[in-house]
Each structure stands twice: as C-alpha cells, then as structure tokens.
$ cat model-v3.cif   # mmCIF, C-alpha atoms and all ligand atoms
data_structure
#
loop_
_atom_site.label_atom_id
_atom_site.label_comp_id
_atom_site.auth_asym_id
_atom_site.auth_seq_id
_atom_site.Cartn_x
_atom_site.Cartn_y
_atom_site.Cartn_z
CA MET A 292 69.69 67.47 130.06
CA PHE A 293 67.21 67.91 132.89
CA THR A 294 66.21 71.36 131.60
CA SER A 295 65.63 70.12 128.09
CA ASN A 296 63.57 67.23 129.42
CA ILE A 297 61.43 69.69 131.39
CA LEU A 298 60.89 71.86 128.29
CA LEU A 299 59.95 68.82 126.31
CA CYS A 300 57.64 67.66 129.05
CA LEU A 301 55.97 71.08 129.18
CA SER A 302 54.79 70.76 125.60
CA LEU A 303 54.25 67.02 125.81
CA CYS A 304 52.07 67.39 128.89
CA SER A 305 49.68 69.79 127.25
CA PHE A 306 49.46 67.44 124.28
CA LEU A 307 48.92 64.39 126.49
CA ALA A 308 45.87 66.20 127.79
CA LEU A 309 44.68 66.99 124.25
CA PHE A 310 45.46 63.43 123.13
CA SER A 311 43.32 61.99 125.87
CA VAL A 312 40.38 64.29 125.21
CA SER A 313 40.58 63.98 121.43
CA SER A 314 40.60 60.19 121.47
CA VAL A 315 37.73 59.89 123.85
CA ALA A 316 35.57 62.40 122.04
CA VAL A 317 34.59 59.70 119.58
CA LEU A 318 33.50 57.44 122.42
CA LEU A 319 31.52 59.91 124.51
CA PRO A 320 30.04 62.56 122.21
CA THR A 321 27.36 63.60 124.72
CA SER A 322 29.47 63.49 127.87
CA PRO A 323 32.01 66.28 127.95
CA LEU A 324 34.95 65.63 130.22
CA THR A 325 35.53 68.10 133.03
CA VAL A 326 38.27 69.01 135.46
CA GLY A 327 37.12 68.16 139.00
CA PHE A 328 34.64 65.56 137.78
CA TYR A 329 34.88 63.63 141.09
CA TYR A 330 34.80 66.73 143.31
CA ASN A 331 31.46 65.76 144.93
CA THR A 332 31.33 62.01 144.38
CA CYS A 333 34.88 61.00 145.34
CA PRO A 334 36.78 64.05 146.56
CA TYR A 335 40.10 62.26 147.13
CA ALA A 336 40.09 60.35 143.85
CA GLU A 337 42.90 62.27 142.16
CA ALA A 338 44.98 62.49 145.35
CA THR A 339 44.63 58.74 145.88
CA ILE A 340 45.71 57.88 142.32
CA LYS A 341 48.62 60.31 142.49
CA GLY A 342 49.76 58.84 145.81
CA VAL A 343 49.75 55.30 144.41
CA VAL A 344 51.65 56.38 141.28
CA LYS A 345 54.20 58.40 143.23
CA SER A 346 54.89 55.47 145.53
CA ALA A 347 55.23 53.04 142.59
CA ILE A 348 57.63 55.34 140.71
CA SER A 349 59.76 55.86 143.81
CA LYS A 350 60.37 52.11 143.86
CA ASP A 351 60.68 51.65 140.07
CA PRO A 352 61.17 54.89 138.07
CA GLY A 353 60.66 52.96 134.82
CA LEU A 354 56.98 52.59 135.66
CA GLY A 355 56.37 56.27 134.84
CA ALA A 356 57.18 55.72 131.17
CA ALA A 357 55.22 52.48 131.20
CA LEU A 358 52.06 54.21 132.49
CA ILE A 359 52.29 56.95 129.84
CA ARG A 360 52.61 54.28 127.17
CA MET A 361 49.67 52.34 128.65
CA HIS A 362 47.53 55.51 128.33
CA SER A 363 48.43 55.90 124.65
CA HIS A 364 47.82 52.21 123.89
CA ASP A 365 44.47 52.42 125.65
CA CYS A 366 43.35 55.57 123.81
CA PHE A 367 44.34 54.42 120.30
CA VAL A 368 42.08 51.36 120.58
CA ARG A 369 38.35 52.14 121.08
CA GLY A 370 39.17 55.51 122.70
CA CYS A 371 40.35 55.99 126.29
CA ASP A 372 38.03 53.35 127.78
CA ALA A 373 40.41 51.12 129.76
CA SER A 374 39.82 48.28 127.29
CA ILE A 375 43.54 47.55 127.62
CA LEU A 376 42.88 46.29 131.16
CA LEU A 377 40.37 43.58 130.23
CA ASP A 378 41.68 40.06 130.75
CA SER A 379 41.29 37.33 128.16
CA THR A 380 38.79 34.57 128.81
CA PRO A 381 38.86 31.10 127.20
CA GLY A 382 38.27 31.57 123.47
CA HIS A 383 38.20 35.38 123.78
CA PRO A 384 41.71 36.84 123.80
CA THR A 385 41.83 40.59 124.50
CA GLU A 386 44.10 43.43 123.39
CA LYS A 387 46.09 43.05 126.62
CA ASP A 388 47.43 39.73 125.28
CA HIS A 389 48.36 40.97 121.80
CA PHE A 390 52.12 40.81 121.23
CA ILE A 391 52.19 44.61 120.79
CA ASN A 392 51.12 44.93 124.43
CA LYS A 393 52.41 41.77 126.06
CA PRO A 394 54.84 41.78 127.76
CA SER A 395 56.04 45.32 126.96
CA VAL A 396 53.07 47.26 128.41
CA ARG A 397 53.64 47.30 132.15
CA GLY A 398 52.20 48.90 135.26
CA PHE A 399 48.85 47.08 135.48
CA GLU A 400 49.48 46.48 139.18
CA VAL A 401 49.63 50.26 139.77
CA ILE A 402 46.19 50.76 138.22
CA ASP A 403 44.86 47.76 140.20
CA GLU A 404 46.14 49.22 143.47
CA ALA A 405 44.61 52.65 142.77
CA LYS A 406 41.27 51.03 141.85
CA LEU A 407 41.36 48.91 145.03
CA GLN A 408 41.86 51.98 147.22
CA LEU A 409 39.16 53.96 145.37
CA GLU A 410 36.61 51.16 145.64
CA ALA A 411 37.13 51.24 149.43
CA GLN A 412 36.57 55.02 149.47
CA CYS A 413 33.73 55.42 146.96
CA PRO A 414 32.52 52.18 145.38
CA GLN A 415 31.77 52.03 141.65
CA THR A 416 32.43 55.69 141.09
CA VAL A 417 35.83 56.26 139.52
CA SER A 418 36.38 54.70 136.10
CA CYS A 419 39.53 52.77 135.30
CA ALA A 420 39.87 54.88 132.15
CA ASP A 421 40.17 58.00 134.32
CA ILE A 422 42.61 56.22 136.62
CA ILE A 423 44.88 55.47 133.64
CA ALA A 424 44.66 59.07 132.38
CA ILE A 425 45.45 60.54 135.81
CA ALA A 426 48.24 58.00 136.34
CA ALA A 427 49.85 59.09 133.05
CA SER A 428 49.63 62.74 134.07
CA GLU A 429 51.12 62.05 137.50
CA SER A 430 53.92 60.08 135.82
CA ALA A 431 54.77 63.12 133.69
CA TYR A 432 54.80 65.22 136.87
CA GLN A 433 56.98 62.79 138.78
CA LEU A 434 59.46 62.42 135.91
CA GLY A 435 59.49 65.96 134.49
CA GLY A 436 58.22 68.15 137.33
CA VAL A 437 55.39 69.80 135.43
CA SER A 438 51.68 69.22 135.75
CA TYR A 439 48.50 69.64 133.74
CA ALA A 440 44.88 69.43 134.79
CA VAL A 441 43.24 66.16 133.74
CA GLN A 442 39.67 66.29 132.51
CA SER A 443 37.71 63.28 133.78
CA GLY A 444 34.40 61.54 133.23
CA ARG A 445 35.45 58.71 130.92
CA ARG A 446 33.42 55.53 131.10
CA ASP A 447 34.92 52.06 130.97
CA GLY A 448 34.34 49.95 127.89
CA GLN A 449 33.24 46.33 128.05
CA HIS A 450 34.79 45.08 124.84
CA SER A 451 38.35 44.24 123.93
CA LEU A 452 39.53 42.21 120.95
CA GLU A 453 43.03 40.84 120.57
CA LYS A 454 43.34 41.88 116.91
CA GLU A 455 42.50 45.56 117.44
CA PRO A 456 45.92 46.84 118.60
CA LEU A 457 47.36 45.84 115.21
CA ASP A 458 44.61 47.70 113.34
CA ASN A 459 44.82 50.86 115.46
CA LEU A 460 48.23 51.41 117.03
CA PRO A 461 51.00 53.11 115.07
CA SER A 462 53.67 50.61 114.10
CA PRO A 463 57.42 51.10 114.52
CA PHE A 464 57.71 49.67 110.99
CA SER A 465 55.47 52.35 109.38
CA ASN A 466 56.82 55.17 107.25
CA LEU A 467 55.94 58.83 107.83
CA GLU A 468 52.87 58.77 105.57
CA LEU A 469 51.36 55.75 107.35
CA LEU A 470 52.06 57.28 110.76
CA LYS A 471 50.43 60.56 109.70
CA GLU A 472 47.35 58.69 108.45
CA ASN A 473 47.17 56.67 111.64
CA PHE A 474 47.20 59.79 113.84
CA GLN A 475 44.74 61.58 111.53
CA ARG A 476 42.27 58.72 111.98
CA LYS A 477 42.39 59.47 115.71
CA GLY A 478 41.82 63.19 115.20
CA LEU A 479 45.47 64.06 115.80
CA SER A 480 47.52 66.34 113.54
CA LEU A 481 51.09 66.00 112.34
CA GLU A 482 52.14 68.47 115.03
CA ASP A 483 50.35 66.40 117.70
CA MET A 484 52.19 63.33 116.41
CA VAL A 485 55.61 64.99 116.61
CA VAL A 486 55.02 66.34 120.11
CA LEU A 487 53.51 63.10 121.43
CA SER A 488 56.45 61.17 119.98
CA GLY A 489 58.56 63.22 122.40
CA ALA A 490 57.36 60.71 125.00
CA HIS A 491 60.15 58.53 123.66
CA SER A 492 62.70 60.73 125.43
CA ILE A 493 61.93 58.51 128.44
CA GLY A 494 61.59 54.77 128.82
CA VAL A 495 63.00 51.78 127.05
CA SER A 496 62.56 49.92 123.80
CA HIS A 497 63.23 46.37 122.80
CA CYS A 498 65.92 46.27 120.12
CA SER A 499 63.64 43.96 118.16
CA SER A 500 61.30 46.94 117.57
CA PHE A 501 63.86 48.57 115.23
CA SER A 502 66.88 46.28 114.70
CA THR A 503 65.83 45.36 111.14
CA ARG A 504 66.62 49.02 110.32
CA LEU A 505 70.10 48.70 111.83
CA PHE A 506 70.96 45.55 109.91
CA PRO A 507 68.78 45.88 106.80
CA SER A 508 70.25 42.96 104.89
CA ASN A 509 71.06 41.06 108.05
CA THR A 510 74.41 40.29 106.47
CA SER A 511 76.65 43.28 107.22
CA ASP A 512 77.27 45.31 110.38
CA ASN A 513 78.16 48.39 108.31
CA SER A 514 75.13 48.96 106.10
CA ASP A 515 73.31 52.06 107.32
CA GLU A 516 69.74 52.60 106.27
CA PRO A 517 69.91 55.82 104.19
CA VAL A 518 67.53 57.84 106.37
CA MET A 519 69.21 57.05 109.66
CA ASP A 520 71.94 59.25 111.07
CA PRO A 521 75.10 57.12 110.71
CA ASP A 522 76.50 58.02 114.15
CA PHE A 523 73.18 57.18 115.79
CA ALA A 524 72.96 53.91 113.87
CA ARG A 525 76.52 53.01 114.96
CA VAL A 526 75.67 53.60 118.64
CA LEU A 527 72.52 51.51 118.34
CA ARG A 528 74.38 48.70 116.54
CA SER A 529 76.92 48.59 119.38
CA ARG A 530 74.10 47.94 121.89
CA CYS A 531 71.65 45.80 119.92
CA PRO A 532 72.14 42.28 118.58
CA LYS A 533 71.28 41.42 114.99
CA PRO A 534 67.67 40.36 114.53
CA SER A 535 67.31 36.69 115.24
CA ASN A 536 64.78 34.21 113.96
CA ASN A 537 65.60 32.02 116.88
CA ALA A 538 63.25 33.20 119.65
CA SER A 539 64.84 30.89 122.19
CA SER A 540 68.25 32.59 121.79
CA GLY A 541 67.05 35.43 124.03
CA ALA A 542 68.59 38.05 121.71
CA ASP A 543 65.20 39.63 120.98
CA ASN A 544 64.70 40.55 124.64
CA THR A 545 67.52 43.12 124.71
CA THR A 546 66.23 46.55 125.71
CA ILE A 547 67.92 49.96 125.56
CA PHE A 548 67.03 53.44 126.83
CA GLU A 549 65.11 55.38 124.20
CA ASP A 550 67.07 58.58 124.97
CA ILE A 551 70.34 56.85 124.29
CA MET A 552 72.22 59.98 123.14
CA SER A 553 71.87 62.13 126.28
C1 LIG A 601 54.49 57.67 116.55
C2 LIG A 601 53.89 56.52 116.82
C3 LIG A 601 54.50 55.60 117.86
C4 LIG A 601 55.23 54.49 117.62
C5 LIG A 601 55.55 53.88 116.26
C6 LIG A 601 55.65 53.99 118.91
C7 LIG A 601 56.40 52.87 119.10
C8 LIG A 601 56.99 52.50 120.30
C9 LIG A 601 57.84 51.36 120.49
C10 LIG A 601 58.21 50.34 119.40
C11 LIG A 601 58.22 51.34 121.78
C12 LIG A 601 59.14 50.32 122.44
C13 LIG A 601 58.33 49.14 122.94
C14 LIG A 601 59.24 48.01 123.34
O1 LIG A 601 59.89 47.47 122.46
O2 LIG A 601 59.32 47.68 124.54
C15 LIG A 601 57.63 52.48 122.43
C16 LIG A 601 57.83 52.82 123.74
C17 LIG A 601 57.23 53.90 124.37
N1 LIG A 601 56.27 54.72 123.81
FE1 LIG A 601 55.71 54.76 121.87
N2 LIG A 601 55.15 54.80 119.88
C18 LIG A 601 54.43 55.79 119.29
C19 LIG A 601 53.71 56.78 119.93
C20 LIG A 601 53.71 56.98 121.30
C21 LIG A 601 52.86 57.92 121.98
C22 LIG A 601 51.79 58.77 121.32
C23 LIG A 601 53.20 57.88 123.31
C24 LIG A 601 52.62 58.65 124.46
C25 LIG A 601 52.37 59.94 124.41
C26 LIG A 601 54.27 56.90 123.44
C27 LIG A 601 54.93 56.61 124.60
C28 LIG A 601 55.91 55.64 124.75
C29 LIG A 601 56.70 55.44 125.97
C30 LIG A 601 56.63 56.29 127.23
C31 LIG A 601 57.51 54.34 125.73
C32 LIG A 601 58.49 53.68 126.73
C33 LIG A 601 57.72 52.61 127.50
C34 LIG A 601 58.50 51.92 128.61
O3 LIG A 601 59.62 52.32 128.95
O4 LIG A 601 57.96 50.94 129.18
N3 LIG A 601 54.52 56.36 122.21
N4 LIG A 601 56.87 53.16 121.52
#
$ encode --input "model-v3.cif" --output "structure tokens"
Amino acid sequence: MFTSNILLCLSLCSFLALFSVSSVAVLLPTSPLTVGFYYNTCPYAEATIKGVVKSAISKDPGLGAALIRMHSHDCFVRGCDASILLDSTPGHPTEKDHFINKPSVRGFEVIDEAKLQLEAQCPQTVSCADIIAIAASESAYQLGGVSYAVQSGRRDGQHSLEKEPLDNLPSPFSNLELLKENFQRKGLSLEDMVVLSGAHSIGVSHCSSFSTRLFPSNTSDNSDEPVMDPDFARVLRSRCPKPSNNASSGADNTTIFEDIMS
C-alpha cells in the first residue's frame, strides 16, 4: 500500500505544482512565479514553513491532507491568493465561513504559526498564498516521501466573498461533464482532474458529502446507484448512516477515511 501511495504521490505532486501555477496565472499575468523567490529577501522562508508543517503533522497526521485541501480550495476561488484565510466581518461573510469550507477545511493554525515566525524573521515579505502552497507541498512530502520544487511569488488578495466557493469549487454532487467543465474553467485538463483527484487517497470525508448516492431513495438499504461498484457501496453503507434531515441528530457529522479499501 505504501508503495502505491508513493507512486500516486509522485504524479500527484507534479500536478499539485502545475495546479498551483495554472490557477494563479490568471491572477498574476505579469509576475511569473519562480523557484527560490525568497532567496535574497527571506532566505529561511521555505525551511521555516516546512519546519512548522512537519511539527504539526507529527502531532496530527490528518493535518497533511487538510493543508492540501486548503490549497485547492484557495486556488479554485480567485486563484491562489490566500483569500480562504480572510475572516468575516459584520455584514461581510467570507469564503472561509461558507459551509463548503466550514468546518471541514482545517489547518488554519498551521498557516498562522508559519506566518508569525516569518514576520519575526522578515516582516511583510512572504505572502500567505505562498505559505499555503509550500505547506501543501511539505504535506505531500511528509505523507508520501516525495518532493517537488514550489514556485513562489504569489501576492495575497484582499477580497473574499462567502458565495464564491459555491460558484467555483467542484461539487461532490456534480456529474463527470460538470466536473470537466469546472476544471476547464480553471485551465486544467481532464488528465489534470483525474490526477489531482488522487489526493483523495488520503484524508477523510463526511458521509453527508456522498450518502445520498448510497441511499438514493432513502427508503432501502439495498438500492445501489447503477454507476457505483456494489461491493464499494456495501462497505460505505456499513460505515455511513442514512442521510438525515435532522441536523441535531449528529448523524451528518460521521466521517470516514477516503481510502477505505486499502
Ligand atoms: C474533482 C473535484 C473534487 C471534488 C468534487 C472534491 C470533493 C471533496 C469532498 C466532498 C471532500 C470531503 C470533505 C468533507 O466532507 O469533509 C474532499 C476531501 C479532500 N479533498 Fe477534494 N474534491 C475535489 C478535488 C480535490 C483536489 C483538486 C484536491 C487537491 C489536489 C483535493 C484534496 C482533498 C483532500 C486532501 C481531502 C481530505 C481533506 C481532509 O482530510 O481534511 N480535492 N474533497
């Protein structure tokens, strides 16, 4: 299992790099990203971020997956500009508080800690968008043992709107055509989509993100959706409760590992 995860990570890592560059290209057409961007202005920037991420993952390995997901949710909305970090203010809710992100996107404290240490070393130099990108790369290294060079030079955005995750992020309820269109709008091909989706070999998912597919009519435990492998559906049904309309029942908070088969 470990070997196959490393192989998967090898291809995923190179695509995470591409993903990050492709999404930001729209935002910064005149500022090409470069490897070693902070070489002169903040020489220990990458080492500092990597140290913070490594320490966080050693205490909670689940944070690695969370940081990779944070990077993708940042990049799909307004490019990789750290808009996912902006807090809501009265009357102005931000993407961070959209139900797609809250509470399932985690790891904000890791980014905060890295930023705190970098501000002490070289004030107002390293962008939060770069911190997120490097944190995702270090997570892939810590979890899969392979590394890729991160191009840096992103600039932080100043705008974040609560409704934008819904308009931009791929939905677990979309079919293949909608997912393909969604990735195309971000400059990503079908192949990019398939490889990036390999990120789901780590981490967890709330059952509520897919349980309507396990119990389509919500009346029978045995009705498989035609496109789902019946054995896989059976395993998932044994771990996930039926979708509930009663939020206070707590059933919708059940999570399972995404790589449930291995
Ligand atoms: C194909 C489009 C995608 C869809 C529909 C999708 C959907 C989801 C959903 C529903 C979850 C579970 C969230 C929850 O219920 O807690 C999830 C988790 C995750 N996704 Fe995606 N995702 C997509 C693309 C991506 C991409 C491009 C990446 C990064 C390269 C990614 C990385 C992750 C990771 C690492 C997790 C686990 C997070 C954790 O354990 O905290 N996903 N995704």
$ closest_residue --input "model-v3.cif" --among "A:Ser418, A:Gln412, A:Gln449, A:Asn392" --to "ligand LIG 601 (chain A)" --atoms "only C-alpha atoms and all ligand atoms"
A:Asn392
$ residues_around --input "model-v3.cif" --residues "Thr385 of chain A" --least-positions-apart "5" --cutoff "9 Å" --atoms "all atoms listed in the file" --output "list in words"
Ser374, Ile375, Leu376, Leu377, Asp378, Ser379, Thr380, His450, Ser451, Leu452, Glu453, Lys454 and Glu455 of chain A
$ closest_atom_pairs --input "model-v3.cif" --of "chain A" --to "ligand LIG 601 (chain A)" --cutoff "8 Å" --atoms "all atoms listed in the file" --output "JSON lines"
{"residue": "A:Leu303", "atom": "CA", "partner": "A:LIG601", "partner_atom": "C25", "distance": 7.5}
{"residue": "A:Leu307", "atom": "CA", "partner": "A:LIG601", "partner_atom": "C25", "distance": 6.0}
{"residue": "A:Phe310", "atom": "CA", "partner": "A:LIG601", "partner_atom": "C25", "distance": 7.8}
{"residue": "A:Gly353", "atom": "CA", "partner": "A:LIG601", "partner_atom": "O3", "distance": 6.0}
{"residue": "A:Leu354", "atom": "CA", "partner": "A:LIG601", "partner_atom": "O4", "distance": 6.8}
{"residue": "A:Gly355", "atom": "CA", "partner": "A:LIG601", "partner_atom": "C30", "distance": 7.6}
{"residue": "A:Ala356", "atom": "CA", "partner": "A:LIG601", "partner_atom": "C30", "distance": 4.0}
{"residue": "A:Ala357", "atom": "CA", "partner": "A:LIG601", "partner_atom": "O4", "distance": 3.7}
{"residue": "A:Leu358", "atom": "CA", "partner": "A:LIG601", "partner_atom": "C30", "distance": 7.3}
{"residue": "A:Ile359", "atom": "CA", "partner": "A:LIG601", "partner_atom": "C30", "distance": 5.1}
{"residue": "A:Arg360", "atom": "CA", "partner": "A:LIG601", "partner_atom": "C27", "distance": 4.2}
{"residue": "A:Met361", "atom": "CA", "partner": "A:LIG601", "partner_atom": "C27", "distance": 7.9}
{"residue": "A:His362", "atom": "CA", "partner": "A:LIG601", "partner_atom": "C24", "distance": 7.1}
{"residue": "A:Ser363", "atom": "CA", "partner": "A:LIG601", "partner_atom": "C24", "distance": 5.0}
{"residue": "A:His364", "atom": "CA", "partner": "A:LIG601", "partner_atom": "C23", "distance": 7.8}
{"residue": "A:Ile391", "atom": "CA", "partner": "A:LIG601", "partner_atom": "C13", "distance": 7.9}
{"residue": "A:Ser395", "atom": "CA", "partner": "A:LIG601", "partner_atom": "O2", "distance": 4.7}
{"residue": "A:Val396", "atom": "CA", "partner": "A:LIG601", "partner_atom": "O4", "distance": 6.2}
{"residue": "A:Arg397", "atom": "CA", "partner": "A:LIG601", "partner_atom": "O4", "distance": 6.4}
{"residue": "A:Leu460", "atom": "CA", "partner": "A:LIG601", "partner_atom": "C3", "distance": 7.6}
{"residue": "A:Pro461", "atom": "CA", "partner": "A:LIG601", "partner_atom": "C5", "distance": 4.8}
{"residue": "A:Ser462", "atom": "CA", "partner": "A:LIG601", "partner_atom": "C5", "distance": 4.3}
{"residue": "A:Pro463", "atom": "CA", "partner": "A:LIG601", "partner_atom": "C5", "distance": 3.8}
{"residue": "A:Phe464", "atom": "CA", "partner": "A:LIG601", "partner_atom": "C5", "distance": 7.1}
{"residue": "A:Ser465", "atom": "CA", "partner": "A:LIG601", "partner_atom": "C5", "distance": 7.0}
{"residue": "A:Leu470", "atom": "CA", "partner": "A:LIG601", "partner_atom": "C1", "distance": 6.3}
{"residue": "A:Met484", "atom": "CA", "partner": "A:LIG601", "partner_atom": "C1", "distance": 6.1}
{"residue": "A:Val485", "atom": "CA", "partner": "A:LIG601", "partner_atom": "C1", "distance": 7.4}
{"residue": "A:Leu487", "atom": "CA", "partner": "A:LIG601", "partner_atom": "C25", "distance": 4.5}
{"residue": "A:Ser488", "atom": "CA", "partner": "A:LIG601", "partner_atom": "C19", "distance": 5.2}
{"residue": "A:Gly489", "atom": "CA", "partner": "A:LIG601", "partner_atom": "C25", "distance": 7.3}
{"residue": "A:Ala490", "atom": "CA", "partner": "A:LIG601", "partner_atom": "C27", "distance": 4.8}
{"residue": "A:His491", "atom": "CA", "partner": "A:LIG601", "partner_atom": "C29", "distance": 5.2}
{"residue": "A:Ser492", "atom": "CA", "partner": "A:LIG601", "partner_atom": "C30", "distance": 7.7}
{"residue": "A:Ile493", "atom": "CA", "partner": "A:LIG601", "partner_atom": "C30", "distance": 5.9}
{"residue": "A:Gly494", "atom": "CA", "partner": "A:LIG601", "partner_atom": "O3", "distance": 3.1}
{"residue": "A:Val495", "atom": "CA", "partner": "A:LIG601", "partner_atom": "O3", "distance": 3.9}
{"residue": "A:Ser496", "atom": "CA", "partner": "A:LIG601", "partner_atom": "C12", "distance": 3.7}
{"residue": "A:His497", "atom": "CA", "partner": "A:LIG601", "partner_atom": "O1", "distance": 3.5}
{"residue": "A:Cys498", "atom": "CA", "partner": "A:LIG601", "partner_atom": "O1", "distance": 6.6}
{"residue": "A:Ser499", "atom": "CA", "partner": "A:LIG601", "partner_atom": "O1", "distance": 6.7}
{"residue": "A:Ser500", "atom": "CA", "partner": "A:LIG601", "partner_atom": "C10", "distance": 4.9}
{"residue": "A:Phe501", "atom": "CA", "partner": "A:LIG601", "partner_atom": "C10", "distance": 7.2}
{"residue": "A:Thr546", "atom": "CA", "partner": "A:LIG601", "partner_atom": "O2", "distance": 7.1}
{"residue": "A:Phe548", "atom": "CA", "partner": "A:LIG601", "partner_atom": "O3", "distance": 7.8}
{"residue": "A:Glu549", "atom": "CA", "partner": "A:LIG601", "partner_atom": "C32", "distance": 7.3}
$ residues_around --input "model-v3.cif" --residues "Leu409 of chain A" --least-positions-apart "4" --cutoff "9 Å" --atoms "all atoms listed in the file" --output "list in words"
Cys333, Tyr335, Ala336, Thr339, Ile340, Glu404, Ala405, Cys413, Pro414, Gln415, Thr416 and Val417 of chain A
$ atom_distance --input "model-v3.cif" --atom1 "atom CA of Gly327 of chain A" --atom2 "atom CA of Cys419 of chain A"
16.0 Å
$ closest_residue --input "model-v3.cif" --among "A:Lys477, A:Arg369, A:Lys471, A:Arg504" --to "Pro456 of chain A" --atoms "all atoms listed in the file"
A:Arg369
$ axis_aligned_box --input "model-v3.cif" --around "segment 519-530 of chain A" --padding-each-side "5 Å" --output "AutoDock Vina command-line options"
--center_x 73.1 --center_y 53.6 --center_z 115.8 --size_x 17.7 --size_y 21.3 --size_z 22.2
$ closest_residue --input "model-v3.cif" --among "A:Ile402, A:Ala347, A:Ala411, A:Leu467" --to "Val518 of chain A" --atoms "all atoms listed in the file"
A:Leu467
$ closest_residue --input "model-v3.cif" --among "A:Ser443, A:Gln433, A:Ser438, A:Ser346" --to "Ala420 of chain A" --atoms "all atoms listed in the file"
A:Ser443
$ atom_distance --input "model-v3.cif" --atom1 "atom CA of Leu479 of chain A" --atom2 "atom CA of Lys345 of chain A"
29.3 Å
$ atom_distance --input "model-v3.cif" --atom1 "atom CA of Glu429 of chain A" --atom2 "atom CA of Leu481 of chain A"
25.5 Å
$ closest_residue --input "model-v3.cif" --among "A:Ala427, A:Cys531, A:Ile348, A:Ile422" --to "Tyr329 of chain A" --atoms "all atoms listed in the file"
A:Ile422
$ build_atoms --input "model-v3.cif" --residues "segment 489-508 of chain A" --atoms "N, CA and C atoms" --output "PDB file, keeping the file's coordinate frame"
ATOM      1  N   GLY A 489      57.570  62.791 121.415  1.00  0.00           N
ATOM      2  CA  GLY A 489      58.560  63.220 122.400  1.00  0.00           C
ATOM      3  C   GLY A 489      58.527  62.378 123.664  1.00  0.00           C
ATOM      4  N   ALA A 490      57.428  61.622 123.850  1.00  0.00           N
ATOM      5  CA  ALA A 490      57.360  60.710 125.000  1.00  0.00           C
ATOM      6  C   ALA A 490      58.498  59.702 124.959  1.00  0.00           C
ATOM      7  N   HIS A 491      59.063  59.496 123.780  1.00  0.00           N
ATOM      8  CA  HIS A 491      60.150  58.530 123.660  1.00  0.00           C
ATOM      9  C   HIS A 491      61.481  59.064 124.173  1.00  0.00           C
ATOM     10  N   SER A 492      61.471  60.258 124.778  1.00  0.00           N
ATOM     11  CA  SER A 492      62.700  60.730 125.430  1.00  0.00           C
ATOM     12  C   SER A 492      62.838  60.073 126.812  1.00  0.00           C
ATOM     13  N   ILE A 493      61.816  59.315 127.221  1.00  0.00           N
ATOM     14  CA  ILE A 493      61.930  58.510 128.440  1.00  0.00           C
ATOM     15  C   ILE A 493      61.611  57.065 128.087  1.00  0.00           C
ATOM     16  N   GLY A 494      61.983  56.173 128.982  1.00  0.00           N
ATOM     17  CA  GLY A 494      61.590  54.770 128.820  1.00  0.00           C
ATOM     18  C   GLY A 494      62.562  53.945 128.006  1.00  0.00           C
ATOM     19  N   VAL A 495      62.130  52.736 127.743  1.00  0.00           N
ATOM     20  CA  VAL A 495      63.000  51.780 127.050  1.00  0.00           C
ATOM     21  C   VAL A 495      62.295  51.198 125.831  1.00  0.00           C
ATOM     22  N   SER A 496      63.109  50.636 124.947  1.00  0.00           N
ATOM     23  CA  SER A 496      62.560  49.920 123.800  1.00  0.00           C
ATOM     24  C   SER A 496      63.297  48.602 123.621  1.00  0.00           C
ATOM     25  N   HIS A 497      62.558  47.606 123.194  1.00  0.00           N
ATOM     26  CA  HIS A 497      63.230  46.370 122.800  1.00  0.00           C
ATOM     27  C   HIS A 497      63.956  46.633 121.482  1.00  0.00           C
ATOM     28  N   CYS A 498      65.183  46.121 121.371  1.00  0.00           N
ATOM     29  CA  CYS A 498      65.920  46.270 120.120  1.00  0.00           C
ATOM     30  C   CYS A 498      65.127  45.684 118.948  1.00  0.00           C
ATOM     31  N   SER A 499      64.373  44.629 119.238  1.00  0.00           N
ATOM     32  CA  SER A 499      63.640  43.960 118.160  1.00  0.00           C
ATOM     33  C   SER A 499      62.623  44.881 117.483  1.00  0.00           C
ATOM     34  N   SER A 500      62.267  46.014 118.166  1.00  0.00           N
ATOM     35  CA  SER A 500      61.300  46.940 117.570  1.00  0.00           C
ATOM     36  C   SER A 500      61.910  47.729 116.408  1.00  0.00           C
ATOM     37  N   PHE A 501      63.254  47.762 116.307  1.00  0.00           N
ATOM     38  CA  PHE A 501      63.860  48.570 115.230  1.00  0.00           C
ATOM     39  C   PHE A 501      65.132  47.946 114.638  1.00  0.00           C
ATOM     40  N   SER A 502      65.559  46.771 115.128  1.00  0.00           N
ATOM     41  CA  SER A 502      66.880  46.280 114.700  1.00  0.00           C
ATOM     42  C   SER A 502      66.927  45.882 113.228  1.00  0.00           C
ATOM     43  N   THR A 503      65.770  45.649 112.587  1.00  0.00           N
ATOM     44  CA  THR A 503      65.830  45.360 111.140  1.00  0.00           C
ATOM     45  C   THR A 503      66.309  46.600 110.379  1.00  0.00           C
ATOM     46  N   ARG A 504      66.131  47.789 110.969  1.00  0.00           N
ATOM     47  CA  ARG A 504      66.620  49.020 110.320  1.00  0.00           C
ATOM     48  C   ARG A 504      68.130  49.186 110.521  1.00  0.00           C
ATOM     49  N   LEU A 505      68.664  48.569 111.563  1.00  0.00           N
ATOM     50  CA  LEU A 505      70.100  48.700 111.830  1.00  0.00           C
ATOM     51  C   LEU A 505      70.897  47.735 110.980  1.00  0.00           C
ATOM     52  N   PHE A 506      70.288  46.593 110.697  1.00  0.00           N
ATOM     53  CA  PHE A 506      70.960  45.550 109.910  1.00  0.00           C
ATOM     54  C   PHE A 506      70.036  45.171 108.769  1.00  0.00           C
ATOM     55  N   PRO A 507      69.826  46.090 107.806  1.00  0.00           N
ATOM     56  CA  PRO A 507      68.780  45.880 106.800  1.00  0.00           C
ATOM     57  C   PRO A 507      68.897  44.556 106.063  1.00  0.00           C
ATOM     58  N   SER A 508      70.120  44.197 105.665  1.00  0.00           N
ATOM     59  CA  SER A 508      70.250  42.960 104.890  1.00  0.00           C
ATOM     60  C   SER A 508      70.488  41.771 105.803  1.00  0.00           C
TER      61      SER A 508
END
